[in-house]
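Pasted below: model-v1.cif, mmCIF, C-alpha atoms and all ligand atoms.
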data_model
#
loop_
_atom_site.group_PDB
_atom_site.id
_atom_site.type_symbol
_atom_site.label_atom_id
_atom_site.label_comp_id
_atom_site.auth_asym_id
_atom_site.auth_seq_id
_atom_site.Cartn_x
_atom_site.Cartn_y
_atom_site.Cartn_z
ATOM 1 C CA MET A 1 54.316 -34.676 -28.337
ATOM 2 C CA ARG A 2 55.623 -35.863 -24.947
ATOM 3 C CA LEU A 3 54.196 -39.098 -23.631
ATOM 4 C CA PRO A 4 53.002 -39.013 -19.998
ATOM 5 C CA GLU A 5 55.692 -40.281 -17.655
ATOM 6 C CA PRO A 6 54.925 -43.467 -15.705
ATOM 7 C CA LEU A 7 53.911 -42.922 -12.089
ATOM 8 C CA PRO A 8 56.858 -43.032 -9.692
ATOM 9 C CA GLU A 9 57.118 -46.399 -8.005
ATOM 10 C CA GLY A 10 54.943 -46.862 -4.929
ATOM 11 C CA LYS A 11 52.733 -43.851 -5.696
ATOM 12 C CA ASP A 12 49.098 -44.035 -6.508
ATOM 13 C CA LEU A 13 47.204 -41.330 -8.361
ATOM 14 C CA ALA A 14 45.425 -40.011 -5.270
ATOM 15 C CA ARG A 15 48.713 -39.442 -3.415
ATOM 16 C CA LEU A 16 50.250 -37.764 -6.451
ATOM 17 C CA ALA A 17 47.232 -35.440 -6.803
ATOM 18 C CA LEU A 18 47.483 -34.574 -3.092
ATOM 19 C CA GLU A 19 51.184 -33.752 -3.481
ATOM 20 C CA MET A 20 50.449 -31.558 -6.425
ATOM 21 C CA THR A 21 48.143 -29.365 -4.395
ATOM 22 C CA THR A 22 50.698 -28.771 -1.633
ATOM 23 C CA SER A 23 52.759 -25.657 -2.078
ATOM 24 C CA ASP A 24 56.539 -25.678 -2.609
ATOM 25 C CA ASN A 25 56.258 -28.929 -4.427
ATOM 26 C CA PRO A 26 58.530 -29.289 -7.473
ATOM 27 C CA THR A 27 56.197 -31.865 -9.081
ATOM 28 C CA ARG A 28 53.278 -29.467 -8.765
ATOM 29 C CA ASP A 29 55.306 -26.532 -10.077
ATOM 30 C CA SER A 30 56.478 -28.374 -13.157
ATOM 31 C CA PHE A 31 52.940 -29.680 -13.707
ATOM 32 C CA LEU A 32 51.558 -26.121 -13.588
ATOM 33 C CA LYS A 33 54.310 -24.822 -15.883
ATOM 34 C CA GLU A 34 53.657 -27.601 -18.383
ATOM 35 C CA ARG A 35 49.889 -26.955 -18.264
ATOM 36 C CA LYS A 36 50.465 -23.237 -18.890
ATOM 37 C CA ARG A 37 52.717 -23.997 -21.872
ATOM 38 C CA HIS A 38 50.067 -26.297 -23.340
ATOM 39 C CA ARG A 39 47.397 -23.642 -22.859
ATOM 40 C CA HIS A 40 49.511 -21.057 -24.700
ATOM 41 C CA ARG A 41 50.195 -23.507 -27.526
ATOM 42 C CA LEU A 42 46.505 -24.364 -27.802
ATOM 43 C CA ARG A 43 45.529 -20.685 -27.785
ATOM 44 C CA ASP A 44 48.100 -19.901 -30.501
ATOM 45 C CA ALA A 45 46.921 -22.799 -32.613
ATOM 46 C CA TRP A 46 43.301 -21.654 -32.195
ATOM 47 C CA ARG A 47 44.241 -18.090 -33.235
ATOM 48 C CA ARG A 48 46.102 -19.346 -36.304
ATOM 49 C CA LEU A 49 43.140 -21.521 -37.235
ATOM 50 C CA LYS A 50 40.735 -18.595 -36.894
ATOM 51 C CA LYS A 51 43.063 -16.375 -38.954
ATOM 52 C CA PHE A 52 43.217 -18.998 -41.675
ATOM 53 C CA ARG A 53 39.434 -19.479 -41.643
ATOM 54 C CA ASP A 54 39.073 -15.707 -41.869
ATOM 55 C CA MET A 55 41.348 -15.556 -44.915
ATOM 56 C CA VAL A 56 39.228 -18.124 -46.710
ATOM 57 C CA PHE A 57 35.781 -17.090 -45.422
ATOM 58 C CA PRO A 58 36.163 -13.527 -44.110
ATOM 59 C CA SER A 59 33.497 -12.416 -41.660
ATOM 60 C CA GLU A 60 31.805 -9.067 -42.139
ATOM 61 C CA PHE A 61 33.909 -7.690 -39.291
ATOM 62 C CA SER A 62 37.165 -8.831 -40.954
ATOM 63 C CA ARG A 63 36.126 -7.349 -44.269
ATOM 64 C CA ILE A 64 35.527 -3.986 -42.608
ATOM 65 C CA VAL A 65 38.730 -4.164 -40.551
ATOM 66 C CA ARG A 66 40.789 -4.801 -43.681
ATOM 67 C CA ARG A 67 39.546 -1.538 -45.166
ATOM 68 C CA ILE A 68 40.408 0.635 -42.187
ATOM 69 C CA GLU A 69 43.346 -1.178 -40.558
ATOM 70 C CA PRO A 70 46.116 1.042 -41.989
ATOM 71 C CA PHE A 71 44.368 4.115 -40.571
ATOM 72 C CA THR A 72 43.885 3.125 -36.945
ATOM 73 C CA MET A 73 45.868 2.684 -33.760
ATOM 74 C CA VAL A 74 42.925 0.956 -32.071
ATOM 75 C CA GLY A 75 43.616 -2.704 -31.288
ATOM 76 C CA TYR A 76 41.677 -5.641 -32.708
ATOM 77 C CA ASP A 77 39.541 -6.380 -29.620
ATOM 78 C CA ARG A 78 38.579 -2.735 -29.202
ATOM 79 C CA LEU A 79 37.622 -2.531 -32.889
ATOM 80 C CA LYS A 80 35.532 -5.637 -32.270
ATOM 81 C CA GLY A 81 33.935 -3.768 -29.341
ATOM 82 C CA LEU A 82 32.961 -0.886 -31.631
ATOM 83 C CA TYR A 83 31.645 -3.281 -34.253
ATOM 84 C CA SER A 84 29.556 -5.178 -31.668
ATOM 85 C CA GLY A 85 28.423 -1.866 -30.180
ATOM 86 C CA VAL A 86 26.955 -0.754 -33.511
ATOM 87 C CA ILE A 87 25.304 -4.147 -33.984
ATOM 88 C CA GLU A 88 23.861 -3.889 -30.461
ATOM 89 C CA ILE A 89 22.388 -0.387 -30.826
ATOM 90 C CA THR A 90 20.903 -1.391 -34.160
ATOM 91 C CA ALA A 91 19.345 -4.579 -32.789
ATOM 92 C CA LYS A 92 17.913 -2.639 -29.843
ATOM 93 C CA ASN A 93 16.791 0.261 -32.026
ATOM 94 C CA ILE A 94 18.600 2.836 -29.909
ATOM 95 C CA THR A 95 18.093 6.367 -31.184
ATOM 96 C CA GLY A 96 21.028 8.579 -32.078
ATOM 97 C CA ASP A 97 24.134 9.277 -34.114
ATOM 98 C CA LEU A 98 27.605 7.774 -33.909
ATOM 99 C CA VAL A 99 30.200 9.974 -32.208
ATOM 100 C CA GLU A 100 33.950 9.664 -31.901
ATOM 101 C CA CYS A 101 36.129 12.016 -29.849
ATOM 102 C CA GLY A 102 39.729 11.402 -30.928
ATOM 103 C CA THR A 103 39.853 10.339 -34.544
ATOM 104 C CA ALA A 104 43.469 10.807 -35.672
ATOM 105 C CA LYS A 105 43.692 9.187 -39.119
ATOM 106 C CA GLY A 106 40.054 8.102 -39.126
ATOM 107 C CA GLY A 107 40.218 4.294 -38.968
ATOM 108 C CA SER A 108 38.007 3.502 -35.968
ATOM 109 C CA ALA A 109 35.431 6.124 -36.983
ATOM 110 C CA GLY A 110 35.364 4.621 -40.490
ATOM 111 C CA LEU A 111 34.698 1.205 -38.971
ATOM 112 C CA MET A 112 31.798 2.507 -36.884
ATOM 113 C CA ARG A 113 30.094 4.026 -39.914
ATOM 114 C CA LEU A 114 30.821 1.102 -42.273
ATOM 115 C CA THR A 115 29.306 -1.233 -39.686
ATOM 116 C CA ALA A 116 26.187 0.916 -39.463
ATOM 117 C CA GLN A 117 25.927 0.847 -43.270
ATOM 118 C CA ALA A 118 26.333 -2.928 -43.264
ATOM 119 C CA THR A 119 23.399 -3.324 -40.861
ATOM 120 C CA GLY A 120 21.178 -1.519 -43.370
ATOM 121 C CA GLN A 121 20.498 1.243 -40.828
ATOM 122 C CA ASP A 122 23.084 3.880 -41.609
ATOM 123 C CA ARG A 123 23.533 6.666 -39.054
ATOM 124 C CA PRO A 124 25.190 10.089 -39.176
ATOM 125 C CA LEU A 125 28.744 10.204 -37.827
ATOM 126 C CA TRP A 126 30.351 13.035 -35.854
ATOM 127 C CA VAL A 127 34.113 13.081 -35.366
ATOM 128 C CA TYR A 128 36.044 15.503 -33.167
ATOM 129 C CA ASP A 129 39.784 16.103 -33.191
ATOM 130 C CA THR A 130 42.395 18.827 -33.213
ATOM 131 C CA PHE A 131 43.688 17.176 -36.409
ATOM 132 C CA GLU A 132 46.999 18.485 -35.129
ATOM 133 C CA GLY A 133 47.809 15.622 -32.789
ATOM 134 C CA LEU A 134 47.494 15.269 -29.030
ATOM 135 C CA PRO A 135 47.286 18.571 -27.168
ATOM 136 C CA MET A 136 49.564 19.377 -24.255
ATOM 137 C CA PRO A 137 48.133 17.582 -21.193
ATOM 138 C CA SER A 138 47.022 19.674 -18.249
ATOM 139 C CA ARG A 139 48.766 19.613 -14.856
ATOM 140 C CA ASP A 140 45.727 17.742 -13.419
ATOM 141 C CA ASN A 141 46.650 14.788 -15.582
ATOM 142 C CA PRO A 142 48.098 11.998 -13.417
ATOM 143 C CA ASP A 143 50.109 10.912 -16.468
ATOM 144 C CA PHE A 144 51.502 14.436 -16.951
ATOM 145 C CA ASP A 145 55.237 13.642 -17.173
ATOM 146 C CA LEU A 146 54.782 10.794 -19.646
ATOM 147 C CA ALA A 147 51.931 12.480 -21.469
ATOM 148 C CA LYS A 148 53.605 15.807 -22.186
ATOM 149 C CA ALA A 149 56.279 13.998 -24.224
ATOM 150 C CA ARG A 150 53.444 12.795 -26.498
ATOM 151 C CA THR A 151 52.205 16.297 -27.360
ATOM 152 C CA GLY A 152 51.594 16.439 -31.118
ATOM 153 C CA ALA A 153 51.667 12.626 -31.491
ATOM 154 C CA CYS A 154 48.875 10.621 -33.201
ATOM 155 C CA ARG A 155 48.277 13.383 -35.724
ATOM 156 C CA GLY A 156 45.714 12.853 -38.433
ATOM 157 C CA ASP A 157 45.521 15.445 -41.205
ATOM 158 C CA PHE A 158 42.025 16.894 -41.725
ATOM 159 C CA GLU A 159 42.132 16.646 -45.540
ATOM 160 C CA GLU A 160 43.569 13.128 -45.494
ATOM 161 C CA VAL A 161 40.846 11.932 -43.120
ATOM 162 C CA ARG A 162 38.265 13.591 -45.355
ATOM 163 C CA GLY A 163 39.789 11.734 -48.314
ATOM 164 C CA LEU A 164 39.650 8.447 -46.420
ATOM 165 C CA PHE A 165 35.986 8.930 -45.512
ATOM 166 C CA ASP A 166 35.293 9.790 -49.139
ATOM 167 C CA SER A 167 37.029 6.645 -50.406
ATOM 168 C CA LEU A 168 35.173 4.507 -47.847
ATOM 169 C CA GLY A 169 31.877 6.022 -48.965
ATOM 170 C CA VAL A 170 31.098 7.489 -45.539
ATOM 171 C CA LEU A 171 31.717 11.201 -46.124
ATOM 172 C CA LYS A 172 28.074 12.070 -46.654
ATOM 173 C CA ASN A 173 26.358 12.713 -43.319
ATOM 174 C CA THR A 174 29.688 12.910 -41.519
ATOM 175 C CA GLN A 175 30.514 16.005 -39.487
ATOM 176 C CA MET A 176 34.239 16.560 -39.012
ATOM 177 C CA ILE A 177 34.776 19.025 -36.197
ATOM 178 C CA LYS A 178 38.264 20.448 -35.885
ATOM 179 C CA GLY A 179 39.568 21.972 -32.665
ATOM 180 C CA LEU A 180 39.940 21.200 -28.993
ATOM 181 C CA PHE A 181 37.006 19.228 -27.536
ATOM 182 C CA GLN A 182 36.867 21.901 -24.833
ATOM 183 C CA ASP A 183 36.058 24.532 -27.500
ATOM 184 C CA THR A 184 34.062 22.576 -30.060
ATOM 185 C CA LEU A 185 31.761 20.341 -27.989
ATOM 186 C CA PRO A 186 29.798 23.176 -26.371
ATOM 187 C CA GLN A 187 29.082 24.583 -29.875
ATOM 188 C CA HIS A 188 28.437 21.514 -32.043
ATOM 189 C CA ALA A 189 27.031 18.214 -30.863
ATOM 190 C CA PRO A 190 24.243 15.930 -32.018
ATOM 191 C CA GLU A 191 21.062 15.939 -30.020
ATOM 192 C CA HIS A 192 20.977 12.158 -29.582
ATOM 193 C CA ILE A 193 23.882 9.733 -29.493
ATOM 194 C CA SER A 194 23.624 5.955 -29.754
ATOM 195 C CA LEU A 195 27.333 5.109 -29.666
ATOM 196 C CA LEU A 196 30.021 7.287 -28.096
ATOM 197 C CA HIS A 197 33.662 6.370 -28.621
ATOM 198 C CA LEU A 198 36.072 8.231 -26.359
ATOM 199 C CA ASP A 199 39.627 8.023 -27.652
ATOM 200 C CA GLY A 200 41.266 11.256 -26.536
ATOM 201 C CA ASP A 201 43.871 9.632 -24.260
ATOM 202 C CA TRP A 202 44.194 12.355 -21.626
ATOM 203 C CA TYR A 203 42.361 12.925 -18.350
ATOM 204 C CA GLU A 204 40.884 16.284 -19.356
ATOM 205 C CA SER A 205 40.034 15.091 -22.884
ATOM 206 C CA THR A 206 38.029 12.157 -21.505
ATOM 207 C CA LYS A 207 36.403 14.252 -18.796
ATOM 208 C CA VAL A 208 35.246 17.085 -21.053
ATOM 209 C CA CYS A 209 33.626 14.599 -23.455
ATOM 210 C CA LEU A 210 31.710 12.860 -20.667
ATOM 211 C CA ASP A 211 30.652 16.205 -19.196
ATOM 212 C CA HIS A 212 29.314 17.475 -22.526
ATOM 213 C CA LEU A 213 28.046 14.346 -24.223
ATOM 214 C CA TYR A 214 26.881 11.812 -21.636
ATOM 215 C CA ASP A 215 23.443 13.375 -21.266
ATOM 216 C CA ARG A 216 22.929 13.174 -25.031
ATOM 217 C CA VAL A 217 23.524 9.411 -25.103
ATOM 218 C CA SER A 218 20.200 7.577 -25.301
ATOM 219 C CA PRO A 219 19.435 5.050 -22.547
ATOM 220 C CA GLY A 220 20.703 1.708 -23.824
ATOM 221 C CA GLY A 221 23.388 3.506 -25.885
ATOM 222 C CA VAL A 222 26.965 2.247 -25.851
ATOM 223 C CA ILE A 223 29.948 4.186 -24.469
ATOM 224 C CA GLN A 224 33.428 2.847 -25.216
ATOM 225 C CA ILE A 225 36.588 4.191 -23.604
ATOM 226 C CA ASP A 226 39.744 3.310 -25.469
ATOM 227 C CA ASP A 227 42.342 4.355 -22.895
ATOM 228 C CA TYR A 228 40.821 3.168 -19.614
ATOM 229 C CA GLY A 229 43.555 0.619 -18.939
ATOM 230 C CA HIS A 230 46.386 2.390 -20.718
ATOM 231 C CA TRP A 231 46.278 5.892 -19.212
ATOM 232 C CA ALA A 232 45.581 6.485 -15.510
ATOM 233 C CA GLY A 233 44.065 9.869 -16.423
ATOM 234 C CA ALA A 234 41.378 8.384 -18.669
ATOM 235 C CA ARG A 235 40.492 5.890 -15.919
ATOM 236 C CA GLN A 236 40.355 8.651 -13.310
ATOM 237 C CA ALA A 237 38.090 10.785 -15.522
ATOM 238 C CA VAL A 238 35.642 7.890 -15.985
ATOM 239 C CA HIS A 239 35.435 7.112 -12.264
ATOM 240 C CA GLU A 240 35.193 10.756 -11.213
ATOM 241 C CA PHE A 241 32.297 11.175 -13.630
ATOM 242 C CA LEU A 242 30.478 7.988 -12.572
ATOM 243 C CA ASP A 243 30.973 8.748 -8.870
ATOM 244 C CA ALA A 244 29.814 12.358 -9.214
ATOM 245 C CA ARG A 245 26.588 11.131 -10.841
ATOM 246 C CA ASN A 246 26.305 8.138 -8.544
ATOM 247 C CA LEU A 247 26.084 5.882 -11.598
ATOM 248 C CA LYS A 248 26.537 2.148 -11.168
ATOM 249 C CA VAL A 249 27.505 0.585 -14.461
ATOM 250 C CA ALA A 250 29.117 -2.719 -15.390
ATOM 251 C CA LEU A 251 32.297 -2.026 -17.322
ATOM 252 C CA ARG A 252 32.753 -4.629 -20.053
ATOM 253 C CA TYR A 253 36.378 -5.697 -20.495
ATOM 254 C CA LEU A 254 37.538 -5.563 -24.131
ATOM 255 C CA ASP A 255 41.289 -5.860 -23.689
ATOM 256 C CA TYR A 256 43.944 -4.545 -21.300
ATOM 257 C CA SER A 257 42.864 -0.974 -22.103
ATOM 258 C CA GLY A 258 39.388 -0.826 -23.661
ATOM 259 C CA ARG A 259 36.167 -0.792 -21.640
ATOM 260 C CA GLN A 260 32.566 -0.371 -22.649
ATOM 261 C CA PHE A 261 29.342 0.240 -20.782
ATOM 262 C CA ILE A 262 25.702 0.687 -21.529
ATOM 263 C CA LYS A 263 24.050 3.915 -20.473
ATOM 264 C CA PRO A 264 21.436 3.040 -17.841
HETATM 265 C C1 LIG B 301 44.947 7.853 -30.004
HETATM 266 S S1 LIG B 301 44.417 9.057 -31.084
HETATM 267 C C2 LIG B 301 42.895 8.465 -31.739
HETATM 268 C C3 LIG B 301 43.040 7.185 -32.505
HETATM 269 C C4 LIG B 301 41.931 6.885 -33.492
HETATM 270 N N1 LIG B 301 40.650 6.685 -32.865
HETATM 271 C C5 LIG B 301 42.297 5.727 -34.375
HETATM 272 O O1 LIG B 301 41.384 5.075 -34.940
HETATM 273 O O2 LIG B 301 43.501 5.482 -34.562
HETATM 274 C C6 LIG B 301 43.921 10.328 -30.029
HETATM 275 C C7 LIG B 301 43.393 11.547 -30.747
HETATM 276 O O3 LIG B 301 42.703 12.374 -29.816
HETATM 277 C C8 LIG B 301 42.888 13.714 -30.183
HETATM 278 N N2 LIG B 301 42.674 14.528 -28.972
HETATM 279 C C9 LIG B 301 43.073 14.251 -27.706
HETATM 280 N N3 LIG B 301 42.661 15.197 -26.872
HETATM 281 C C10 LIG B 301 41.976 16.106 -27.602
HETATM 282 C C11 LIG B 301 41.280 17.311 -27.290
HETATM 283 N N4 LIG B 301 41.230 17.788 -26.034
HETATM 284 N N5 LIG B 301 40.659 17.959 -28.287
HETATM 285 C C12 LIG B 301 40.698 17.493 -29.570
HETATM 286 N N6 LIG B 301 41.358 16.357 -29.928
HETATM 287 C C13 LIG B 301 41.975 15.673 -28.950
HETATM 288 C C14 LIG B 301 44.298 13.778 -30.717
HETATM 289 O O4 LIG B 301 44.456 14.840 -31.615
HETATM 290 C C15 LIG B 301 44.459 12.404 -31.386
HETATM 291 O O5 LIG B 301 44.245 12.491 -32.760
#
Mind turning this structure into structure tokens?
Ligand SMILES: C[S@@+](CC[C@H](N)C(=O)[O-])C[C@H]1O[C@@H](n2cnc3c(N)ncnc32)[C@H](O)[C@@H]1O
Amino acid sequence: MRLPEPLPEGKDLARLALEMTTSDNPTRDSFLKERKRHRHRLRDAWRRLKKFRDMVFPSEFSRIVRRIEPFTMVGYDRLKGLYSGVIEITAKNITGDLVECGTAKGGSAGLMRLTAQATGQDRPLWVYDTFEGLPMPSRDNPDFDLAKARTGACRGDFEEVRGLFDSLGVLKNTQMIKGLFQDTLPQHAPEHISLLHLDGDWYESTKVCLDHLYDRVSPGGVIQIDDYGHWAGARQAVHEFLDARNLKVALRYLDYSGRQFIKP
């Protein structure tokens, strides 16, 4: 640990503080840099401490995450968002099933259902996917050039996902709907939804899910968008939808990409 340096001769604290607030001041810059470094170190130490505590006394969330982690691309804070979302709809007694559009290998959907089971109020789960990977994006997609190179990526195999759900004990009361959202959603959807997880990456995939499913979400239900910060198209779809309906919602920040809001 570095000891604080003595004050330069002839300077009192008040003058030094004043100098630090003036711009283009090397003392201030090095002070700010040092403070930032300390903050990072503290944050890292805090994370390590929490990780260690979690190894010894795992929380319910960590226990669930450990079971599904190898089968998801969804980051830790967004998984936490889904977990908290299920806790919230249960505490508020919001009517409806759990729905995920964009399931890939099944990890985040598994977490949603395991969390519901852990609350003692299990709910049916509906998952939608091509189970053939990401479809070709449409020309309306602002991410088109980048996105088209990802066609077929993130593939989860239908039978493998079924096997995962079976091994997690969540296969019963789970509907696995294979095909493009555009084709399947108009045919098969639950009447009431309490938690809607949108993880289809593309503009049109996000838009079609909001168009078909938003009205089925119960007031007070939770809607989580995985790709809001990551893909411009997902963000555009959300804002086009909210603007068209004149909906004012507070988007909760989960991490650089994930957002969540409560249906008014
Ligand atoms: C990023 S992955 C989902 C990740 C998953 N939630 C997890 O836990 O790892 C995106 C998925 O959305 C699916 N998808 C995207 N657009 C779709 C569409 N229009 N119809 C059906 N599936 C779609 C893809 O097949 C892919 O499996």
inquiry  = Between atom CA of A:Ser218 and atom CA of A:Thr103, what is the distance in Å, rounded to a tenth?
reply    = 21.9 Å
ask   = How far is it from atom CA of A:Ala109 to atom CA of A:Tyr76, in Å with one decimal?
value = 14.0 Å
Would you give me, as a Markdown table, each residue of chain A having an atom within 7 Å of an atom of ligand LIG 301 (chain B), along with its shortest atom pair and that distance in Å to one decimal, using all atoms listed in the file and sorting by chain and residue number?
| residue | atom | partner | partner_atom | distance |
| --- | --- | --- | --- | --- |
| A:Phe71 | CA | B:LIG301 | O2 | 6.2 |
| A:Thr72 | CA | B:LIG301 | O2 | 3.4 |
| A:Met73 | CA | B:LIG301 | O2 | 3.8 |
| A:Val74 | CA | B:LIG301 | O2 | 5.2 |
| A:Cys101 | CA | B:LIG301 | O3 | 6.6 |
| A:Gly102 | CA | B:LIG301 | O3 | 3.3 |
| A:Thr103 | CA | B:LIG301 | N1 | 4.1 |
| A:Ala104 | CA | B:LIG301 | O5 | 3.5 |
| A:Lys105 | CA | B:LIG301 | O2 | 5.9 |
| A:Gly106 | CA | B:LIG301 | O1 | 5.3 |
| A:Gly107 | CA | B:LIG301 | O1 | 4.3 |
| A:Ser108 | CA | B:LIG301 | O1 | 3.9 |
| A:Ala109 | CA | B:LIG301 | O1 | 6.4 |
| A:Tyr128 | CA | B:LIG301 | C12 | 6.2 |
| A:Asp129 | CA | B:LIG301 | N6 | 3.6 |
| A:Thr130 | CA | B:LIG301 | C12 | 4.2 |
| A:Phe131 | CA | B:LIG301 | O4 | 5.4 |
| A:Glu132 | CA | B:LIG301 | O4 | 5.7 |
| A:Gly133 | CA | B:LIG301 | O4 | 3.6 |
| A:Leu134 | CA | B:LIG301 | C14 | 3.9 |
| A:Pro135 | CA | B:LIG301 | N3 | 5.7 |
| A:Cys154 | CA | B:LIG301 | O5 | 5.0 |
| A:Arg155 | CA | B:LIG301 | O5 | 5.1 |
| A:Gly156 | CA | B:LIG301 | O5 | 5.9 |
| A:Gly179 | CA | B:LIG301 | C12 | 5.6 |
| A:Leu180 | CA | B:LIG301 | N5 | 3.4 |
| A:Phe181 | CA | B:LIG301 | N5 | 3.9 |
| A:Gln182 | CA | B:LIG301 | N4 | 6.1 |
| A:Asp199 | CA | B:LIG301 | C2 | 5.3 |
| A:Gly200 | CA | B:LIG301 | C9 | 3.7 |
| A:Asp201 | CA | B:LIG301 | C6 | 5.8 |
| A:Trp202 | CA | B:LIG301 | N3 | 6.2 |
| A:Glu204 | CA | B:LIG301 | N4 | 6.9 |
| A:Ser205 | CA | B:LIG301 | N4 | 4.3 |
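Checking A:Pro142, A:Leu196, A:Asp183, A:Ile94 one by one against A:Leu125, counting only C-alpha atoms, you find the shortest gap at A:Leu196.
Atom CA of A:Leu254 sits 5.9 Å away from atom CA of A:Asp77.
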query = Got a sec to resolve the PyMOL selection byres (((chain A and resi 176) around 8) and not hetatm) on this structure and send the residues as a list of chain:residue names?
reply = A:Trp126, A:Val127, A:Tyr128, A:Thr174, A:Gln175, A:Ile177, A:Lys178
Take every atom of stretch 121-136 of chain A listed in the file, fit an axis-aligned box around them, add 3 Å per side, and give the centre and edge lengths in Å to one decimal as AutoDock Vina command-line options.
--center_x 35.0 --center_y 10.3 --center_z -32.9 --size_x 35.1 --size_y 24.1 --size_z 23.4
request  = Tell me, as number ranges by chain, which residues lie within 7 Å of stretch 63-68 of chain A, counting all atoms listed in the file; anything in the same chain fewer than 4 positions away does not count.
outcome  = A: 58-59, 72, 107, 110-111, 114
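Nearest residue to A:Ala250 among A:Val222, A:Leu210, A:Glu100, A:Ala234 is A:Val222, counting all atoms listed in the file.
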message = Could you list, as a PyMOL selection string, every residue matched by the PyMOL selection byres (((chain A and resi 117) around 12) and not hetatm) in this structure?
response = chain A and resi 60+64+83+86-87+90+98+110-116+118-125+168-170+172-173
Once you have the residues from the selection above, write them out as a compact mmCIF listing (two decimals), in the frame of the given file, restricted to C-alpha atoms.
# COMPACT_ATOMS: atom_id res chain seq x y z
CA GLU A 60 31.80 -9.07 -42.14
CA ILE A 64 35.53 -3.99 -42.61
CA TYR A 83 31.64 -3.28 -34.25
CA VAL A 86 26.96 -0.75 -33.51
CA ILE A 87 25.30 -4.15 -33.98
CA THR A 90 20.90 -1.39 -34.16
CA LEU A 98 27.60 7.77 -33.91
CA GLY A 110 35.36 4.62 -40.49
CA LEU A 111 34.70 1.20 -38.97
CA MET A 112 31.80 2.51 -36.88
CA ARG A 113 30.09 4.03 -39.91
CA LEU A 114 30.82 1.10 -42.27
CA THR A 115 29.31 -1.23 -39.69
CA ALA A 116 26.19 0.92 -39.46
CA ALA A 118 26.33 -2.93 -43.26
CA THR A 119 23.40 -3.32 -40.86
CA GLY A 120 21.18 -1.52 -43.37
CA GLN A 121 20.50 1.24 -40.83
CA ASP A 122 23.08 3.88 -41.61
CA ARG A 123 23.53 6.67 -39.05
CA PRO A 124 25.19 10.09 -39.18
CA LEU A 125 28.74 10.20 -37.83
CA LEU A 168 35.17 4.51 -47.85
CA GLY A 169 31.88 6.02 -48.96
CA VAL A 170 31.10 7.49 -45.54
CA LYS A 172 28.07 12.07 -46.65
CA ASN A 173 26.36 12.71 -43.32
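Taken over the whole file, the PyMOL selection byres (((chain A and resi 249) around 10) and not hetatm) covers exactly Leu242, Asn246, Leu247, Lys248, Ala250, Leu251, Arg252, Gln260, Phe261, Ile262, Lys263 and Pro264 of chain A.
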Write the selection just made, keeping C-alpha atoms, as a PDB file, keeping the file's coordinate frame?
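Just written: again-v2.pdb:
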ATOM      1  CA  LEU A 242      30.478   7.988 -12.572  1.00  0.00           C
ATOM      2  CA  ASN A 246      26.305   8.138  -8.544  1.00  0.00           C
ATOM      3  CA  LEU A 247      26.084   5.882 -11.598  1.00  0.00           C
ATOM      4  CA  LYS A 248      26.537   2.148 -11.168  1.00  0.00           C
ATOM      5  CA  ALA A 250      29.117  -2.719 -15.390  1.00  0.00           C
ATOM      6  CA  LEU A 251      32.297  -2.026 -17.322  1.00  0.00           C
ATOM      7  CA  ARG A 252      32.753  -4.629 -20.053  1.00  0.00           C
ATOM      8  CA  GLN A 260      32.566  -0.371 -22.649  1.00  0.00           C
ATOM      9  CA  PHE A 261      29.342   0.240 -20.782  1.00  0.00           C
ATOM     10  CA  ILE A 262      25.702   0.687 -21.529  1.00  0.00           C
ATOM     11  CA  LYS A 263      24.050   3.915 -20.473  1.00  0.00           C
ATOM     12  CA  PRO A 264      21.436   3.040 -17.841  1.00  0.00           C
TER      13      PRO A 264
END
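With distances restricted to only C-alpha atoms, A:Phe61 is the closest residue to A:Gly81 from A:Ala153, A:Trp231, A:Tyr203, A:Phe61.
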Could you add N, CA and C atoms to stretch 236-244 of chain A and give me the result as a PDB file, in the coordinates of the input?
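out_16.pdb written:
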ATOM      1  N   GLN A 236      40.782   7.733 -14.377  1.00  0.00           N
ATOM      2  CA  GLN A 236      40.355   8.651 -13.310  1.00  0.00           C
ATOM      3  C   GLN A 236      39.151   9.485 -13.759  1.00  0.00           C
ATOM      4  N   ALA A 237      39.198   9.952 -15.011  1.00  0.00           N
ATOM      5  CA  ALA A 237      38.090  10.785 -15.522  1.00  0.00           C
ATOM      6  C   ALA A 237      36.786   9.987 -15.517  1.00  0.00           C
ATOM      7  N   VAL A 238      36.852   8.718 -15.927  1.00  0.00           N
ATOM      8  CA  VAL A 238      35.642   7.890 -15.985  1.00  0.00           C
ATOM      9  C   VAL A 238      35.080   7.716 -14.575  1.00  0.00           C
ATOM     10  N   HIS A 239      35.950   7.377 -13.615  1.00  0.00           N
ATOM     11  CA  HIS A 239      35.435   7.112 -12.264  1.00  0.00           C
ATOM     12  C   HIS A 239      34.965   8.380 -11.567  1.00  0.00           C
ATOM     13  N   GLU A 240      35.662   9.482 -11.815  1.00  0.00           N
ATOM     14  CA  GLU A 240      35.193  10.756 -11.213  1.00  0.00           C
ATOM     15  C   GLU A 240      33.788  11.066 -11.718  1.00  0.00           C
ATOM     16  N   PHE A 241      33.596  10.862 -13.025  1.00  0.00           N
ATOM     17  CA  PHE A 241      32.297  11.175 -13.630  1.00  0.00           C
ATOM     18  C   PHE A 241      31.215  10.246 -13.064  1.00  0.00           C
ATOM     19  N   LEU A 242      31.489   8.940 -13.046  1.00  0.00           N
ATOM     20  CA  LEU A 242      30.478   7.988 -12.572  1.00  0.00           C
ATOM     21  C   LEU A 242      30.151   8.238 -11.101  1.00  0.00           C
ATOM     22  N   ASP A 243      31.192   8.522 -10.308  1.00  0.00           N
ATOM     23  CA  ASP A 243      30.973   8.748  -8.870  1.00  0.00           C
ATOM     24  C   ASP A 243      30.156  10.027  -8.651  1.00  0.00           C
ATOM     25  N   ALA A 244      30.518  11.081  -9.406  1.00  0.00           N
ATOM     26  CA  ALA A 244      29.814  12.358  -9.214  1.00  0.00           C
ATOM     27  C   ALA A 244      28.331  12.207  -9.524  1.00  0.00           C
TER      28      ALA A 244
END
